[in-house]
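Engineer: File follows, upload07.txt with compact mmCIF, C-alpha atoms and all ligand atoms:
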# COMPACT_ATOMS: atom_id res chain seq x y z
CA MET F 1404 149.80 99.67 125.79
CA SER F 1405 148.96 103.16 124.69
CA GLU F 1406 146.04 101.71 122.69
CA GLU F 1407 144.69 100.11 125.87
CA LEU F 1408 144.92 103.39 127.73
CA GLU F 1409 143.02 105.06 124.95
CA GLN F 1410 140.31 102.39 125.07
CA THR F 1411 140.03 102.63 128.84
CA GLU F 1412 139.62 106.38 128.58
CA ASN F 1413 136.92 106.01 125.95
CA ALA F 1414 135.11 103.42 128.01
CA GLN F 1415 135.10 105.74 131.02
CA GLY F 1416 133.98 108.67 128.90
CA ASP F 1417 131.04 106.65 127.55
CA ASP F 1418 129.67 106.20 131.08
CA ILE F 1419 129.39 109.91 131.74
CA ALA F 1420 126.32 111.70 130.41
CA PRO F 1421 127.33 114.52 128.03
CA GLU F 1422 125.55 117.17 130.12
CA MET F 1423 127.80 116.24 133.04
CA MET F 1424 130.92 116.83 130.96
CA ILE F 1425 130.03 120.14 129.33
CA LYS F 1426 130.24 123.25 131.45
CA HIS F 1427 127.41 125.75 131.08
CA PRO F 1428 128.68 128.78 129.15
CA LEU F 1429 127.90 132.33 130.24
CA GLN F 1430 127.00 134.94 127.68
CA ASN F 1431 130.01 137.03 128.66
CA MET F 1432 133.48 136.39 129.98
CA TRP F 1433 134.06 138.04 133.38
CA SER F 1434 137.16 139.07 135.33
CA LEU F 1435 137.46 139.34 139.08
CA TRP F 1436 139.64 142.15 140.44
CA PHE F 1437 140.90 142.86 143.95
CA TYR F 1438 141.88 146.28 145.25
CA LYS F 1439 144.39 145.99 148.09
CA ASN F 1440 144.63 148.90 150.47
CA ASP F 1441 148.41 149.43 150.51
CA ARG F 1442 149.29 153.03 151.24
CA THR F 1443 152.83 152.67 149.86
CA LYS F 1444 151.43 152.12 146.37
CA SER F 1445 149.39 154.17 143.92
CA TRP F 1446 145.68 153.49 143.44
CA GLU F 1447 146.30 151.75 140.13
CA GLU F 1448 149.18 149.64 141.47
CA ASN F 1449 146.86 148.34 144.18
CA LEU F 1450 144.41 147.00 141.62
CA MET F 1451 144.96 143.37 140.62
CA GLU F 1452 143.15 141.21 138.09
CA ILE F 1453 142.74 137.83 139.79
CA THR F 1454 141.08 135.54 137.28
CA THR F 1455 138.67 135.23 134.38
CA PHE F 1456 135.80 132.79 133.85
CA ASP F 1457 133.04 132.17 131.33
CA THR F 1458 131.08 129.21 132.68
CA VAL F 1459 128.60 128.76 135.52
CA GLU F 1460 130.74 126.04 137.07
CA ASP F 1461 133.90 128.16 137.03
CA PHE F 1462 132.00 131.05 138.60
CA TRP F 1463 130.92 128.88 141.56
CA ALA F 1464 134.37 127.32 141.88
CA LEU F 1465 135.82 130.81 142.18
CA TYR F 1466 133.09 132.15 144.46
CA ASN F 1467 133.47 129.22 146.86
CA HIS F 1468 137.25 129.51 146.85
CA ILE F 1469 137.68 133.18 147.72
CA GLU F 1470 137.00 135.02 150.97
CA VAL F 1471 133.45 136.32 151.37
CA VAL F 1472 133.16 140.08 151.03
CA SER F 1473 132.38 140.71 154.70
CA LYS F 1474 135.75 139.21 155.66
CA ILE F 1475 138.07 141.13 153.33
CA PRO F 1476 140.07 143.90 155.06
CA VAL F 1477 138.73 147.42 155.45
CA GLY F 1478 139.84 149.63 152.58
CA CYS F 1479 139.77 146.75 150.06
CA ASP F 1480 137.41 146.15 147.12
CA TYR F 1481 136.29 143.31 144.92
CA ALA F 1482 135.24 144.15 141.39
CA LEU F 1483 133.70 141.93 138.73
CA PHE F 1484 133.84 143.38 135.23
CA LYS F 1485 133.26 142.14 131.74
CA HIS F 1486 136.57 140.78 130.50
CA GLY F 1487 138.54 143.56 128.82
CA ILE F 1488 137.05 146.41 130.88
CA LYS F 1489 139.25 147.64 133.74
CA PRO F 1490 137.36 148.67 136.90
CA MET F 1491 138.48 152.27 136.58
CA TRP F 1492 136.98 155.53 135.38
CA GLU F 1493 139.67 155.88 132.71
CA ASP F 1494 138.76 152.74 130.75
CA SER F 1495 137.27 153.74 127.41
CA ARG F 1496 134.15 151.68 128.13
CA ASN F 1497 133.58 153.37 131.52
CA LYS F 1498 134.55 156.93 130.60
CA GLN F 1499 131.08 158.07 129.54
CA GLY F 1500 129.35 156.06 132.24
CA GLY F 1501 128.52 156.07 135.91
CA ARG F 1502 127.30 153.90 138.74
CA TRP F 1503 124.25 153.10 140.79
CA LEU F 1504 125.50 153.45 144.35
CA PHE F 1505 124.12 151.48 147.28
CA ASN F 1506 125.39 152.63 150.65
CA VAL F 1507 125.36 149.73 153.08
CA GLN F 1508 125.52 150.46 156.78
CA LYS F 1509 128.35 148.89 158.72
CA SER F 1510 125.85 146.94 160.80
CA GLN F 1511 124.63 145.25 157.61
CA ARG F 1512 128.11 143.96 156.75
CA VAL F 1513 127.48 140.71 158.56
CA THR F 1514 123.77 140.38 157.87
CA ASP F 1515 123.26 141.57 154.28
CA LEU F 1516 126.42 142.51 152.41
CA ASN F 1517 127.43 139.01 151.26
CA ASN F 1518 123.95 138.31 149.94
CA TYR F 1519 123.72 141.70 148.21
CA TRP F 1520 127.06 141.15 146.48
CA LEU F 1521 126.21 137.59 145.41
CA GLU F 1522 122.84 138.74 144.07
CA ILE F 1523 124.50 141.48 142.02
CA LEU F 1524 127.02 138.97 140.63
CA LEU F 1525 124.21 136.59 139.66
CA CYS F 1526 122.23 139.41 138.03
CA MET F 1527 125.27 140.33 135.93
CA ILE F 1528 126.50 136.90 134.86
CA GLY F 1529 122.90 135.75 134.33
CA GLU F 1530 122.21 138.80 132.13
CA ALA F 1531 119.15 139.69 134.25
CA PHE F 1532 118.72 143.10 132.61
CA ASP F 1533 117.59 141.69 129.25
CA GLU F 1534 118.55 144.01 126.38
CA CYS F 1535 120.00 146.50 128.90
CA SER F 1536 122.66 143.98 129.97
CA GLU F 1537 124.73 145.45 127.12
CA ASP F 1538 125.10 148.60 129.23
CA ILE F 1539 126.54 146.73 132.20
CA CYS F 1540 130.31 147.18 132.62
CA GLY F 1541 130.69 145.58 136.04
CA ALA F 1542 130.22 146.02 139.78
CA VAL F 1543 132.37 146.96 142.75
CA VAL F 1544 132.01 146.27 146.46
CA GLN F 1545 134.04 148.46 148.80
CA ILE F 1546 134.68 147.76 152.48
CA ARG F 1547 135.00 151.02 154.35
CA ASN F 1548 134.88 152.12 158.00
CA LYS F 1549 132.48 154.92 157.11
CA GLY F 1550 130.08 152.39 155.52
CA ASP F 1551 130.40 149.82 152.77
CA LYS F 1552 129.48 150.60 149.15
CA LEU F 1553 128.12 148.63 146.23
CA GLY F 1554 128.39 150.17 142.79
CA ILE F 1555 126.92 148.91 139.55
CA TRP F 1556 128.83 150.50 136.71
CA THR F 1557 127.10 151.17 133.40
CA ALA F 1558 128.45 152.36 130.09
CA ASP F 1559 126.80 155.70 129.32
CA VAL F 1560 125.06 158.38 131.39
CA LYS F 1561 123.03 159.28 128.30
CA HIS F 1562 121.36 155.83 128.19
CA GLU F 1563 118.65 156.79 130.67
CA ASP F 1564 116.28 153.91 129.84
CA ALA F 1565 118.95 151.26 130.40
CA ILE F 1566 120.17 152.95 133.59
CA MET F 1567 116.66 153.09 135.04
CA LYS F 1568 115.88 149.49 134.12
CA ILE F 1569 119.16 148.27 135.67
CA GLY F 1570 118.50 150.28 138.84
CA ARG F 1571 114.96 148.94 139.14
CA VAL F 1572 116.01 145.32 138.66
CA VAL F 1573 118.84 145.51 141.19
CA LYS F 1574 116.72 147.32 143.75
CA GLU F 1575 114.06 144.65 143.43
CA ARG F 1576 116.49 141.72 143.54
CA LEU F 1577 118.14 143.15 146.66
CA HIS F 1578 114.73 143.75 148.27
CA ILE F 1579 115.59 147.39 148.93
CA HIS F 1580 112.49 149.11 150.24
CA GLN F 1581 110.77 151.59 147.89
CA ARG F 1582 111.30 154.47 150.31
CA ASN F 1583 115.08 153.98 150.37
CA ALA F 1584 116.23 155.90 147.32
CA ILE F 1585 119.41 155.03 145.48
CA GLY F 1586 121.31 157.42 143.27
CA TYR F 1587 123.18 157.18 139.98
CA GLU F 1588 126.42 159.17 139.73
CA ALA F 1589 128.35 159.96 136.56
CA HIS F 1590 132.03 158.98 136.89
CA ALA F 1591 132.88 162.42 135.53
CA ASP F 1592 131.16 163.93 138.60
CA THR F 1593 132.64 161.42 141.09
CA GLN F 1594 136.14 162.25 139.88
CA VAL F 1595 135.83 165.95 140.61
CA LYS F 1596 133.61 165.73 143.69
CA GLN F 1597 134.08 168.25 146.47
CA GLY F 1598 133.36 166.90 149.93
CA SER F 1599 131.82 163.56 150.69
CA SER F 1600 128.99 163.22 148.21
CA THR F 1601 128.49 163.45 144.47
CA LYS F 1602 125.38 164.88 142.83
CA CYS F 1603 123.05 162.25 141.42
CA ARG F 1604 122.06 162.21 137.77
CA PHE F 1605 119.15 159.82 138.49
CA GLN F 1606 117.32 158.50 141.53
CA ILE F 1607 115.05 155.57 142.02
P1 LIG F 1701 137.18 155.00 146.31
O1 LIG F 1701 138.09 153.89 146.69
O2 LIG F 1701 136.24 154.76 145.19
O3 LIG F 1701 136.27 155.44 147.54
O4 LIG F 1701 138.01 156.26 145.94
P2 LIG F 1701 136.58 155.71 149.08
O5 LIG F 1701 137.83 155.02 149.54
O6 LIG F 1701 135.34 155.42 149.83
O7 LIG F 1701 136.87 157.25 149.11
P3 LIG F 1701 135.87 158.46 148.81
O8 LIG F 1701 136.75 159.47 148.14
O9 LIG F 1701 134.78 157.98 147.88
O10 LIG F 1701 135.33 158.92 150.11
C1 LIG F 1701 139.10 156.72 146.72
C2 LIG F 1701 140.14 157.31 145.82
O11 LIG F 1701 140.69 156.28 145.00
C3 LIG F 1701 139.64 158.34 144.82
O12 LIG F 1701 139.54 159.64 145.39
C4 LIG F 1701 140.75 158.27 143.77
O13 LIG F 1701 141.88 158.95 144.22
C5 LIG F 1701 141.05 156.78 143.73
N1 LIG F 1701 140.23 156.12 142.70
C6 LIG F 1701 139.07 155.48 142.86
N2 LIG F 1701 138.63 155.04 141.66
C7 LIG F 1701 137.43 154.28 141.43
C8 LIG F 1701 139.55 155.41 140.73
C9 LIG F 1701 139.61 155.24 139.31
O14 LIG F 1701 138.77 154.64 138.65
N3 LIG F 1701 140.71 155.76 138.71
C10 LIG F 1701 141.68 156.43 139.41
N4 LIG F 1701 142.71 156.94 138.75
N5 LIG F 1701 141.62 156.60 140.74
C11 LIG F 1701 140.56 156.10 141.40
Any chance you could put this one into structure tokens?
Structural biologist:
Amino acid sequence: MSEELEQTENAQGDDIAPEMMIKHPLQNMWSLWFYKNDRTKSWEENLMEITTFDTVEDFWALYNHIEVVSKIPVGCDYALFKHGIKPMWEDSRNKQGGRWLFNVQKSQRVTDLNNYWLEILLCMIGEAFDECSEDICGAVVQIRNKGDKLGIWTADVKHEDAIMKIGRVVKERLHIHQRNAIGYEAHADTQVKQGSSTKCRFQI
């Protein structure tokens, strides 16, 4: 009986083309994080690692399963980081780094934010920055009443060439107009900022 079952399984397997059975691997393994805005907990306690994937198919399964960014509650974040890097300044692979920051007006939450976020995810998992993809740590989208934010986190503020290339590629892929400048902030500056804005190390 068990031999029959084995044969049946083999017969079924033979009918499926190999390319339909093998998932398409990504160059890196990625983890999705969610930051829940719960005032009774500390910032770090509110941060949860949801799941990890390393194939194209698993990325889409996850993306199609979770709530789109524009519908998550105000005060919450999604973050997608290379597996093993926590989406926080303190992680050893973020410590020396910073982020390109895109401020997205509230009115664009419905029209543009979901597409911007998806495009950033595809740039990262598709390694769209060529040799500079090494410098990518991850990205964060933050839903805020004062205006939503997209941050692309890179490894080292001293790697100017990689930072500039990453900024240029993202700006182009998001179709951000030339005249709308974006800034790159060092995490070290963001952490000690006074007031509402942080000085930019680079602009593009
Ligand atoms: P935020 O959530 O990045 O931005 O940081 P928000 O809510 O728009 O607030 P604003 O200050 O930028 O106007 C809010 C607060 O969360 C920070 O002031 C920190 O207290 C905490 N926080 C944010 N990050 C990214 C970190 C982090 O990486 N590590 C730690 N320890 N706290 C963080």
Engineer: So that I can see what lies close to Trp1520 (chain F), please list as a PyMOL selection string the residues with an atom at most 12 Å from it, counting only C-alpha atoms and leaving out residues fewer than 3 positions away in the same chain.
Structural biologist: chain F and resi 1466+1471-1473+1480-1483+1505+1507+1512+1514-1517+1523-1527+1541-1546+1551-1555+1573+1576-1577
Engineer: Show me which residues line ligand LIG 1701 (chain F), defined as having an atom within 8 Å of a ligand atom where all atoms listed in the file count, and present them as a PyMOL selection string.
Structural biologist: chain F and resi 1446-1447+1478+1480+1490-1493+1545+1547+1549+1552+1593-1594+1599-1600
Engineer: Smallest atom-to-atom distance to Asp1538 (chain F): which of F:Gln1511, F:Ser1445, F:Asn1497, F:Gln1581, using only C-alpha atoms?
Structural biologist: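 The answer is F:Asn1497, which sits nearest to Asp1538 (chain F).
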Engineer: Using all atoms listed in the file, can you tell me which of F:Asn1431, F:Asn1548, F:Ser1495, F:Gln1597 comes closest to Ser1510 (chain F)?
Structural biologist: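 Nearest candidate to Ser1510 (chain F) out of F:Asn1431, F:Asn1548, F:Ser1495, F:Gln1597: F:Asn1548.
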Engineer: Go through F:Trp1463, F:Phe1484, F:Phe1456, F:Phe1605 one by one, measure the shortest atom-to-atom distance of each to Trp1436 (chain F) using all atoms listed in the file, and give the residue with the smallest value.
Structural biologist: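 The shortest atom-to-atom distance to Trp1436 (chain F) comes from F:Phe1484.
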Engineer: Excluding Ile1453 (chain F) and any residue of its chain fewer than 5 positions from it, enumerate the residues within 8 Å of it, using all atoms listed in the file, and give them as a ChimeraX atom specification.
Structural biologist: /F:1434-1437
Engineer: What's the separation between CA of Ile1566 (chain F) and CA of His1590 (chain F), in Å to one decimal place?
Structural biologist: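 Taking CA of Ile1566 (chain F) as the start and CA of His1590 (chain F) as the end point, the length is 13.7 Å.
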Engineer: Mind pulling up the distance from CA of Glu1563 (chain F) to CA of Ile1528 (chain F)?
Structural biologist: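 So the two atoms, CA of Ile1528 (chain F) and CA of Glu1563 (chain F), lie 21.8 Å apart.
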Engineer: One decimal, Å: what's the distance from CA of Gly1570 (chain F) over to CA of Arg1582 (chain F), could you say?
Structural biologist: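 So the two atoms, CA of Gly1570 (chain F) and CA of Arg1582 (chain F), lie 14.2 Å apart.
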Engineer: From the set F:Val1459, F:Cys1540, F:Ile1469, F:Ile1475, which residue has the shortest atom-to-atom contact distance to Lys1489 (chain F), counting all atoms listed in the file?
Structural biologist: F:Cys1540
